[in-house]
file protein.cif (mmCIF, C-alpha atoms)
data_upload
#
loop_
_atom_site.label_atom_id
_atom_site.label_comp_id
_atom_site.auth_asym_id
_atom_site.auth_seq_id
_atom_site.Cartn_x
_atom_site.Cartn_y
_atom_site.Cartn_z
CA MET A 1 143.84 106.17 139.51
CA ALA A 2 141.94 103.26 141.05
CA GLY A 3 139.89 101.18 138.64
CA VAL A 4 136.17 101.80 138.35
CA SER A 5 135.34 98.39 136.85
CA LEU A 6 136.69 94.86 136.50
CA LYS A 7 137.35 93.48 133.04
CA CYS A 8 137.25 89.77 132.29
CA GLY A 9 140.35 88.88 130.31
CA ASP A 10 138.65 85.80 128.85
CA CYS A 11 135.51 87.34 127.34
CA GLY A 12 136.06 91.14 127.73
CA ALA A 13 132.94 91.70 129.88
CA LEU A 14 132.97 94.79 132.15
CA LEU A 15 131.73 94.24 135.71
CA LYS A 16 130.79 96.92 138.25
CA SER A 17 131.90 95.22 141.45
CA VAL A 18 133.83 92.35 142.96
CA GLU A 19 130.52 90.59 143.68
CA GLU A 20 129.55 90.71 139.99
CA ALA A 21 132.99 89.42 139.05
CA GLN A 22 132.53 86.52 141.49
CA GLU A 23 129.12 85.70 140.00
CA HIS A 24 130.58 85.88 136.51
CA ALA A 25 133.37 83.53 137.54
CA ASP A 26 130.87 81.06 139.03
CA LEU A 27 128.82 81.03 135.83
CA THR A 28 131.61 80.96 133.26
CA SER A 29 134.61 79.54 135.15
CA HIS A 30 136.59 82.59 133.98
CA SER A 31 139.24 83.70 136.42
CA ASN A 32 141.35 86.26 134.55
CA PHE A 33 140.11 89.64 135.92
CA SER A 34 141.89 92.99 136.01
CA GLU A 35 141.07 96.54 137.08
CA SER A 36 139.91 98.89 134.32
CA THR A 37 139.37 102.65 134.16
CA GLU A 38 136.52 102.11 131.69
CA ALA A 39 133.24 102.58 133.53
CA VAL A 40 130.28 100.26 133.01
CA LEU A 41 127.63 102.36 131.26
CA ASN A 42 124.52 103.33 133.16
CA LEU A 43 122.08 104.54 130.47
CA VAL A 44 118.59 105.08 131.91
CA CYS A 45 115.55 105.23 129.61
CA THR A 46 113.69 108.50 130.19
CA ALA A 47 110.35 106.90 129.27
CA CYS A 48 110.26 103.80 131.47
CA GLY A 49 113.39 104.11 133.70
CA LYS A 50 115.00 100.84 132.54
CA PRO A 51 118.80 100.91 133.03
CA CYS A 52 121.00 99.66 130.19
CA ARG A 53 124.67 98.78 130.60
CA SER A 54 125.77 99.03 126.96
CA LYS A 55 124.93 100.54 123.59
CA THR A 56 123.73 97.11 122.44
CA GLU A 57 121.21 96.99 125.26
CA THR A 58 119.89 100.47 124.43
CA ASP A 59 119.49 99.52 120.75
CA LEU A 60 117.58 96.38 121.68
CA HIS A 61 115.41 98.29 124.17
CA THR A 62 114.62 100.89 121.49
CA LYS A 63 113.72 98.17 118.99
CA ARG A 64 111.45 96.44 121.50
CA THR A 65 109.71 99.48 123.04
CA GLY A 66 110.26 102.38 120.65
CA HIS A 67 111.92 104.46 123.42
CA THR A 68 114.83 106.43 122.01
CA GLU A 69 115.98 108.85 124.71
CA PHE A 70 118.41 107.78 127.44
CA VAL A 71 120.15 109.67 130.25
CA ASP A 72 123.78 108.83 130.90
CA LYS A 73 124.18 108.39 134.68
CA THR A 74 127.42 106.48 134.48
CA LEU A 75 129.49 109.07 136.32
CA GLU A 76 126.90 109.36 139.11
CA ALA A 77 127.29 105.71 140.08
CA VAL A 78 131.01 105.25 139.41
CA LYS A 79 132.97 104.25 142.52
CA PRO A 80 136.58 103.06 142.62
CA ILE A 81 136.98 99.32 143.14
CA ASN A 82 139.35 98.29 145.92
CA LEU A 83 140.49 94.74 145.42
CA GLU A 84 142.48 94.86 148.64
CA ALA A 85 139.54 95.53 150.91
CA PRO A 86 139.81 93.23 153.92
CA LYS A 87 137.23 90.50 154.18
CA LYS A 88 136.17 89.20 157.55
CA VAL A 89 136.09 85.47 157.59
CA THR A 90 134.97 83.32 160.48
CA GLU A 91 137.04 80.46 161.78
CA SER A 92 134.51 77.93 160.55
CA GLU A 93 134.66 79.41 157.05
CA GLU A 94 138.45 79.33 157.14
CA ALA A 95 138.33 75.69 158.11
CA VAL A 96 135.90 74.89 155.32
CA ASP A 97 138.02 76.82 152.80
CA ALA A 98 141.15 75.04 154.02
CA SER A 99 139.58 71.63 153.68
CA SER A 100 137.98 72.41 150.32
CA SER A 101 141.16 73.87 148.90
CA HIS A 102 142.61 70.37 148.84
CA GLN A 103 139.74 69.13 146.75
CA SER A 104 138.86 70.41 143.28
CA GLU A 105 135.09 70.55 142.92
CA GLU A 106 133.69 68.94 139.79
CA MET A 107 131.26 71.14 137.76
CA VAL A 108 128.19 69.65 136.06
CA VAL A 109 125.11 70.89 134.16
CA PRO A 110 122.26 71.61 136.60
CA GLU A 111 119.13 69.49 136.47
CA VAL A 112 116.04 71.26 135.10
CA ASP A 113 112.44 70.34 134.33
CA LYS A 114 112.60 68.23 131.19
CA LYS A 115 109.08 69.03 130.02
CA LEU A 116 109.60 72.76 130.42
CA LEU A 117 112.93 72.39 128.60
CA GLU A 118 111.19 70.64 125.70
CA GLU A 119 108.55 73.37 125.55
CA LEU A 120 111.21 76.08 125.40
CA GLU A 121 113.08 74.20 122.66
CA LEU A 122 109.83 73.86 120.69
CA MET A 123 109.40 77.62 121.01
CA GLY A 124 112.80 78.07 119.28
CA PHE A 125 115.17 78.70 122.20
CA PRO A 126 118.64 77.05 122.11
CA THR A 127 119.18 74.26 124.66
CA ALA A 128 121.86 76.17 126.56
CA ARG A 129 119.73 79.32 126.82
CA ALA A 130 116.63 77.33 127.84
CA THR A 131 118.62 75.39 130.48
CA ARG A 132 120.10 78.62 131.86
CA ALA A 133 116.64 80.27 131.98
CA LEU A 134 115.04 77.35 133.81
CA HIS A 135 117.94 77.06 136.25
CA TYR A 136 117.98 80.75 137.23
CA SER A 137 114.19 81.05 137.31
CA GLY A 138 114.04 78.13 139.73
CA ASN A 139 112.10 75.84 137.33
CA ALA A 140 109.06 77.87 138.41
CA SER A 141 107.10 77.98 135.15
CA LEU A 142 107.36 78.38 131.42
CA GLU A 143 106.41 82.06 131.67
CA ALA A 144 109.07 82.74 134.32
CA ALA A 145 111.71 81.15 132.09
CA VAL A 146 110.62 83.22 129.06
CA ASN A 147 110.68 86.41 131.15
CA TRP A 148 114.21 85.58 132.33
CA VAL A 149 115.34 85.13 128.71
CA VAL A 150 113.82 88.50 127.73
CA GLU A 151 115.54 90.29 130.62
CA HIS A 152 118.95 88.62 130.10
CA GLU A 153 119.06 88.21 126.32
CA ASN A 154 121.91 90.72 126.11
CA ASP A 155 124.13 88.89 128.60
CA PRO A 156 127.39 87.82 126.94
CA ASP A 157 127.08 84.29 128.39
CA VAL A 158 123.34 83.81 127.75
CA ASP A 159 124.00 80.96 125.29
CA GLN A 160 126.58 79.20 127.48
CA MET A 161 125.54 76.07 129.33
CA PRO A 162 125.37 76.81 133.10
CA MET A 163 127.61 74.80 135.37
CA VAL A 164 127.20 74.08 139.09
CA PRO A 165 129.31 72.10 141.60
CA VAL A 166 128.46 68.44 141.97
CA ASN A 167 127.86 68.76 145.70
CA SER A 168 125.66 71.82 145.39
CA LYS A 169 122.20 71.32 146.70
CA VAL A 170 119.66 71.31 143.93
CA GLU A 171 116.10 72.06 144.80
CA GLU A 172 113.53 69.58 143.73
CA PRO A 173 111.79 70.83 140.59
CA LYS A 174 108.27 71.91 141.11
CA PRO A 175 105.57 69.70 139.65
CA SER A 176 105.44 70.23 135.90
CA LEU A 177 102.29 71.23 134.09
CA THR A 178 99.99 68.76 132.37
CA PRO A 179 99.98 68.74 128.54
CA GLU A 180 96.66 70.61 128.53
CA GLU A 181 98.03 73.25 130.91
CA VAL A 182 101.18 73.57 128.77
CA LYS A 183 99.06 74.17 125.67
CA LEU A 184 96.93 76.73 127.49
CA LYS A 185 100.04 78.46 128.84
CA ALA A 186 101.67 78.52 125.43
CA GLN A 187 98.45 79.87 123.91
CA GLU A 188 98.30 82.55 126.61
CA LEU A 189 101.91 83.56 125.92
CA ARG A 190 101.25 83.73 122.18
CA GLU A 191 98.11 85.83 122.72
CA ARG A 192 99.98 88.13 125.07
CA ALA A 193 102.80 88.55 122.55
CA HIS A 194 100.26 89.14 119.76
CA LYS A 195 98.42 91.73 121.85
CA LYS A 196 101.66 93.49 122.66
CA LYS A 197 102.58 93.52 118.98
CA GLU A 198 99.17 94.99 118.05
CA GLU A 199 99.54 97.70 120.68
CA GLU A 200 103.00 98.52 119.36
CA GLU A 201 101.69 98.71 115.79
CA LYS A 202 98.85 101.00 116.91
CA ARG A 203 101.32 103.23 118.72
CA MET A 204 103.57 103.39 115.66
CA GLU A 205 100.56 104.16 113.48
CA ARG A 206 99.63 107.05 115.79
CA GLU A 207 103.19 108.33 115.58
CA ARG A 208 103.12 108.09 111.78
CA GLU A 209 99.76 109.91 111.68
CA LYS A 210 101.15 112.69 113.87
CA GLU A 211 104.14 112.97 111.53
CA ARG A 212 101.86 113.13 108.47
CA ILE A 213 99.79 115.88 110.13
CA ARG A 214 102.95 117.81 111.03
CA VAL A 215 104.31 117.54 107.48
CA GLY A 216 100.92 118.57 106.07
CA ARG A 217 100.84 121.66 108.27
CA GLU A 218 104.36 122.60 107.25
CA LEU A 219 103.44 122.24 103.57
CA LEU A 220 100.31 124.38 104.02
CA GLU A 221 102.32 127.04 105.86
CA ALA A 222 104.98 127.02 103.14
CA LYS A 223 102.27 127.34 100.47
CA ARG A 224 100.64 130.22 102.37
CA ILE A 225 103.97 132.05 102.66
CA GLU A 226 104.64 131.49 98.96
CA GLU A 227 101.20 132.85 98.01
CA GLU A 228 101.69 135.83 100.31
CA ASN A 229 105.05 136.60 98.73
CA GLU A 230 103.53 136.26 95.25
CA ARG A 231 100.70 138.62 96.21
CA LYS A 232 103.19 141.18 97.51
CA ARG A 233 105.23 140.84 94.34
CA LEU A 234 102.16 141.45 92.16
CA LEU A 235 101.14 144.46 94.25
CA ALA A 236 104.62 145.92 93.91
CA LEU A 237 104.54 145.25 90.17
CA ARG A 238 101.15 146.96 89.77
CA LYS A 239 102.34 149.90 91.85
CA ALA A 240 105.39 150.25 89.62
CA GLU A 241 103.18 150.07 86.51
CA LYS A 242 100.87 152.78 87.87
CA GLU A 243 103.82 155.01 88.66
CA GLU A 244 105.16 154.42 85.16
CA GLU A 245 101.76 155.36 83.68
CA LYS A 246 101.67 158.46 85.87
CA ARG A 247 105.10 159.51 84.66
CA ALA A 248 104.04 158.85 81.05
CA ARG A 249 100.94 161.05 81.45
CA GLU A 250 103.07 163.78 83.03
CA LYS A 251 105.47 163.65 80.10
CA ILE A 252 102.52 163.90 77.68
CA ARG A 253 101.13 166.86 79.61
CA GLN A 254 104.51 168.59 79.61
CA LYS A 255 104.84 167.92 75.89
CA LEU A 256 101.41 169.47 75.26
CA GLU A 257 102.36 172.50 77.34
CA GLU A 258 105.60 172.86 75.41
CA ASP A 259 103.77 172.55 72.06
CA LYS A 260 101.21 175.12 73.19
CA ALA A 261 103.95 177.54 74.25
CA GLU A 262 105.76 176.95 70.95
CA ARG A 263 102.59 177.74 68.94
CA ARG A 264 102.05 180.95 70.95
CA ARG A 265 105.66 181.92 70.31
CA ARG A 266 105.30 181.38 66.55
CA LEU A 267 102.09 183.41 66.46
CA GLY A 268 103.85 186.21 68.30
CA LEU A 269 101.67 185.90 71.36
CA PRO A 270 103.12 186.45 74.85
CA PRO A 271 103.67 183.36 77.03
CA GLU A 272 100.63 182.27 78.98
CA ASP A 273 100.71 183.51 82.57
CA PRO A 274 99.62 180.72 84.98
CA ALA A 275 98.62 183.29 87.61
CA VAL A 276 96.13 184.79 85.16
CA VAL A 277 94.74 181.48 83.94
CA LYS A 278 94.03 179.88 87.32
CA PRO A 279 91.55 182.47 88.72
CA SER A 280 89.48 182.20 85.54
CA SER A 281 88.76 178.48 85.99
CA PRO A 282 85.95 178.91 88.59
CA VAL A 283 84.20 181.33 86.24
CA VAL A 284 84.27 178.77 83.45
CA GLU A 285 82.87 176.10 85.76
CA GLU A 286 80.03 178.41 86.80
CA LYS A 287 79.18 179.07 83.16
CA LYS A 288 79.19 175.37 82.42
CA SER A 289 76.97 174.61 85.38
CA SER A 290 74.42 177.03 84.06
CA LEU A 291 74.13 175.18 80.75
CA PRO A 292 71.48 172.46 80.32
CA VAL A 293 72.76 168.87 80.86
CA ARG A 294 73.01 166.91 77.62
CA PRO A 295 71.80 163.32 77.88
CA ALA A 296 74.60 160.79 77.53
CA THR A 297 74.72 159.05 74.19
CA LYS A 298 74.64 155.28 73.82
CA ALA A 299 78.38 155.23 73.07
CA GLU A 300 79.12 157.25 76.21
CA GLN A 301 77.02 154.88 78.28
CA MET A 302 78.93 151.91 76.85
CA ARG A 303 82.27 153.63 77.54
CA GLU A 304 81.23 154.35 81.13
CA CYS A 305 80.06 150.74 81.57
CA LEU A 306 83.44 149.41 80.36
CA ARG A 307 85.29 151.92 82.56
CA SER A 308 83.23 150.82 85.57
CA LEU A 309 84.01 147.17 84.79
CA LYS A 310 87.74 147.88 84.71
CA GLN A 311 87.62 150.00 87.88
CA SER A 312 85.73 147.21 89.72
CA HIS A 313 88.48 144.71 88.82
CA LYS A 314 91.50 147.03 88.61
CA ASP A 315 93.82 144.44 90.14
CA GLU A 316 92.84 141.77 87.59
CA ASP A 317 94.10 143.17 84.28
CA ALA A 318 94.21 139.79 82.51
CA LYS A 319 90.65 138.98 83.55
CA VAL A 320 89.37 142.41 82.40
CA LYS A 321 91.12 142.12 79.04
CA ARG A 322 89.66 138.63 78.51
CA ALA A 323 86.17 140.01 79.32
CA PHE A 324 86.58 142.84 76.76
CA GLN A 325 87.71 140.36 74.09
CA THR A 326 84.78 138.03 74.88
CA LEU A 327 82.31 140.93 74.59
CA LEU A 328 83.88 141.91 71.26
CA THR A 329 83.52 138.34 69.98
CA TYR A 330 79.81 138.16 70.91
CA ILE A 331 79.03 141.58 69.39
CA GLY A 332 81.10 140.82 66.28
CA ASN A 333 79.24 137.52 65.68
CA VAL A 334 75.88 139.30 65.87
CA ALA A 335 77.05 142.09 63.54
CA LYS A 336 78.34 139.56 60.97
CA ASN A 337 75.38 137.16 61.22
CA PRO A 338 72.32 139.14 62.35
CA ASP A 339 69.92 136.47 61.05
CA GLU A 340 71.50 133.63 63.03
CA GLU A 341 69.56 133.19 66.30
CA LYS A 342 72.36 131.18 67.94
CA PHE A 343 74.53 134.33 67.97
CA ARG A 344 71.71 136.45 69.39
CA LYS A 345 70.84 134.11 72.29
CA ILE A 346 73.16 133.59 75.29
CA ARG A 347 72.55 131.19 78.20
CA LEU A 348 73.35 133.06 81.41
CA THR A 349 74.03 129.84 83.36
CA ASN A 350 76.80 128.78 80.96
CA GLN A 351 79.91 128.34 83.11
CA THR A 352 82.32 129.70 80.47
CA PHE A 353 80.15 132.78 79.97
CA GLN A 354 79.94 133.33 83.73
CA ASP A 355 83.71 132.99 84.19
CA ARG A 356 84.53 135.39 81.36
CA VAL A 357 81.75 138.00 81.47
CA GLY A 358 78.67 137.13 83.56
CA SER A 359 80.36 137.26 86.97
CA LEU A 360 82.03 140.65 86.30
CA ASN A 361 80.36 143.88 87.37
CA GLY A 362 78.97 145.59 84.21
CA GLY A 363 79.20 142.60 81.83
CA ILE A 364 75.43 141.95 81.58
CA GLU A 365 74.74 145.71 81.53
CA PHE A 366 76.89 146.12 78.40
CA PHE A 367 74.81 143.51 76.53
CA GLU A 368 71.61 145.30 77.58
CA LEU A 369 73.00 148.59 76.22
CA CYS A 370 73.48 146.75 72.90
CA GLY A 371 69.79 145.73 72.89
CA PHE A 372 69.85 142.31 74.57
CA GLU A 373 66.96 141.42 76.90
CA LYS A 374 66.55 138.79 79.64
CA ILE A 375 63.93 136.15 78.80
CA GLU A 376 62.58 132.84 80.13
CA GLY A 377 62.93 133.74 83.80
CA ASP A 378 66.28 135.51 83.33
CA GLU A 379 67.83 132.29 82.02
CA PHE A 380 68.83 133.75 78.63
CA LEU A 381 70.00 137.05 77.09
CA PHE A 382 68.25 137.51 73.73
CA LEU A 383 68.48 140.17 71.00
CA PRO A 384 65.33 140.15 68.83
CA ARG A 385 65.97 140.39 65.09
CA ASN A 386 63.88 143.53 64.75
CA LYS A 387 65.97 145.25 67.45
CA VAL A 388 69.35 144.62 65.84
CA ASP A 389 70.83 148.12 65.37
CA MET A 390 74.04 147.95 63.34
CA ALA A 391 75.00 151.49 64.41
CA VAL A 392 74.78 150.52 68.07
CA LEU A 393 76.73 147.33 67.44
CA ASN A 394 79.44 149.26 65.55
CA SER A 395 79.68 151.79 68.39
CA ALA A 396 80.00 148.91 70.86
CA GLY A 397 82.79 147.40 68.76
CA SER A 398 84.63 150.72 68.59
CA GLU A 399 84.40 151.23 72.35
CA LEU A 400 85.64 147.67 73.01
CA ASN A 401 88.59 148.11 70.63
CA SER A 402 89.50 151.36 72.36
CA ALA A 403 89.29 149.72 75.79
CA ILE A 404 91.50 146.83 74.66
CA ASN A 405 94.19 148.83 72.84
CA ASN A 406 94.35 152.00 74.98
CA PRO A 407 96.73 151.36 77.90
CA PHE A 408 95.30 154.36 79.80
CA PHE A 409 91.65 153.36 79.40
CA GLY A 410 89.83 153.56 82.72
CA VAL A 411 92.94 154.82 84.57
CA LEU A 412 91.77 158.41 85.02
#
call {"tool": "encode", "arguments": {"input": "protein.cif", "output": "structure tokens"}}
result
Amino acid sequence: MAGVSLKCGDCGALLKSVEEAQEHADLTSHSNFSESTEAVLNLVCTACGKPCRSKTETDLHTKRTGHTEFVDKTLEAVKPINLEAPKKVTESEEAVDASSSHQSEEMVVPEVDKKLLEELELMGFPTARATRALHYSGNASLEAAVNWVVEHENDPDVDQMPMVPVNSKVEEPKPSLTPEEVKLKAQELRERAHKKKEEEEKRMEREREKERIRVGRELLEAKRIEEENERKRLLALRKAEKEEEKRAREKIRQKLEEDKAERRRRLGLPPEDPAVVKPSSPVVEEKKSSLPVRPATKAEQMRECLRSLKQSHKDEDAKVKRAFQTLLTYIGNVAKNPDEEKFRKIRLTNQTFQDRVGSLNGGIEFFELCGFEKIEGDEFLFLPRNKVDMAVLNSAGSELNSAINNPFFGVL
């Protein structure tokens, strides 16, 4: 297979063509070249289109610009190198080559603008690199030399002193800048570099902010999913508890039916016929409906109030139980210390009271059934001393105890 690159045996540099090898030989005086099947990389930045010839160049480009994605187009540009391609040479060139072959040309360091060289050295560039930059930028200006260094800082021979033949024609250096112009130019370069650095920092800050926003959204989404899963778990748990309660009630009903049948058997009565019992139920209901309605007692009203409270917050068992216990504490304090006004007066705006009882449907109503009244623009609940009824308070305590200890309270 024909080689796709030329490799310098002196420094290991890979070159894409015979012309590049010739230029490399002119700059470095290296002459040991051989064909290689290793292609010179052609990595093109997808953001700005800059081609890079090696991994080192891509790393440096990423560090300088922040661009990280490159397209490998090495195979698209690979062409075999033919070292034996004929070269047309004119007779005059042959004569010049013949005459020059008898003379070995002496190589010397090219002349460059001394003031520009000093400025580059003051900026921190090595002498060899500064000389090479000025030579290949044509001694045009300080900025042109700096730009050349930036573009060729990855060249393997960037810090080697350039050499040119003694007889080569050297262009006269352009007039150098005055000290004031040099200072202004240096200041302009520093400001430009500072501005570029600020823009890069702003861009990086925007990228970091985008990353923080993305991470924040992911955390919020993860939290939402976790809360949703927890809600589903609690719903499934409550459903299982309700089914368990239903099965328990069914067992109790079956047990009652069995006890009833056993009592009938012991008394010598025939088993109860369900077909006979069922038709009689509408008759009983009609008889009941004809009876006068008995007003609900205070205890029944309290029981209905507590049942309504639990039904309104049936999915918050812990909150309902805490409300019942808080009500029992308030009523118990009044029953034990009826003469103490601090136990008979409750501030409705108290945050603890609101969290435990006041914000729940039926909490304030239960206190009113116990004799409490709203005073001072509905800011307080107050139980006057002359309206303290120990029987009512005892009934309230009994109903609260039943609601707390009965697992089936408010279920049916």
call {"tool": "atom_distance", "arguments": {"input": "protein.cif", "atom1": "atom CA of A:Met163", "atom2": "atom CA of A:His135"}}
result
10.0 Å
call {"tool": "resolve_selection", "arguments": {"input": "protein.cif", "expression": "the PyMOL selection byres ((chain A and resi 61) around 12)", "output": "VMD selection string"}}
result
chain A and resid 43 to 60 62 to 70 150 to 154
call {"tool": "closest_residue", "arguments": {"input": "protein.cif", "among": "A:Ala323, A:Leu117, A:Phe33, A:Glu379", "to": "A:Thr352", "atoms": "only C-alpha atoms"}}
result
A:Ala323
call {"tool": "atom_distance", "arguments": {"input": "protein.cif", "atom1": "atom CA of A:Leu328", "atom2": "atom CA of A:Ala396"}}
result
8.0 Å
call {"tool": "residues_around", "arguments": {"input": "protein.cif", "residues": "A:Glu368", "least_positions_apart": "6", "cutoff": "9 Å", "atoms": "all atoms listed in the file", "output": "list in words"}}
result
Lys374, Leu381 and Leu383 of chain A
call {"tool": "atom_distance", "arguments": {"input": "protein.cif", "atom1": "atom CA of A:Leu189", "atom2": "atom CA of A:Glu201"}}
result
18.2 Å
call {"tool": "closest_residue", "arguments": {"input": "protein.cif", "among": "A:Leu27, A:Arg253, A:Lys195, A:Arg266", "to": "A:Asp159", "atoms": "all atoms listed in the file"}}
result
A:Leu27
call {"tool": "residues_around", "arguments": {"input": "protein.cif", "residues": "A:Asn394", "least_positions_apart": "4", "cutoff": "9 Å", "atoms": "only C-alpha atoms", "output": "mmCIF file with C-alpha atoms, in the coordinates of the input"}}
result
data_model
loop_
_atom_site.group_PDB
_atom_site.id
_atom_site.type_symbol
_atom_site.label_atom_id
_atom_site.label_comp_id
_atom_site.auth_asym_id
_atom_site.auth_seq_id
_atom_site.Cartn_x
_atom_site.Cartn_y
_atom_site.Cartn_z
ATOM 1 C CA ILE A 331 79.030 141.580 69.390
ATOM 2 C CA GLY A 332 81.100 140.820 66.280
ATOM 3 C CA ALA A 335 77.050 142.090 63.540
ATOM 4 C CA ASP A 389 70.830 148.120 65.370
ATOM 5 C CA MET A 390 74.040 147.950 63.340
ATOM 6 C CA SER A 398 84.630 150.720 68.590
ATOM 7 C CA GLU A 399 84.400 151.230 72.350
#
call {"tool": "resolve_selection", "arguments": {"input": "protein.cif", "expression": "the PyMOL selection byres ((chain A and resi 113) around 8)", "output": "PyMOL selection string"}}
result
chain A and resi 111-112+114-117+134+139+173+176
call {"tool": "resolve_selection", "arguments": {"input": "protein.cif", "expression": "the PyMOL selection byres ((chain A and resi 314) around 12)", "output": "PyMOL selection string"}}
result
chain A and resi 235+238-239+242+306-313+315-321+360-361+409-412
call {"tool": "residues_around", "arguments": {"input": "protein.cif", "residues": "A:Asp157", "least_positions_apart": "4", "cutoff": "10 Å", "atoms": "all atoms listed in the file", "output": "list of chain:residue names"}}
result
A:Cys11, A:Ala13, A:His24, A:Leu27, A:Thr28, A:Ala128, A:Arg129, A:Arg132, A:His152, A:Glu153, A:Met161, A:Pro162
call {"tool": "closest_residue", "arguments": {"input": "protein.cif", "among": "A:Cys370, A:Gln160, A:Asn386, A:Glu209", "to": "A:Asp339", "atoms": "all atoms listed in the file"}}
result
A:Asn386
call {"tool": "closest_residue", "arguments": {"input": "protein.cif", "among": "A:Leu14, A:Leu327, A:Val108, A:Ala299", "to": "A:Val166", "atoms": "all atoms listed in the file"}}
result
A:Val108
call {"tool": "closest_residue", "arguments": {"input": "protein.cif", "among": "A:Cys305, A:Leu122, A:Leu234, A:Val164", "to": "A:Met107", "atoms": "only C-alpha atoms"}}
result
A:Val164
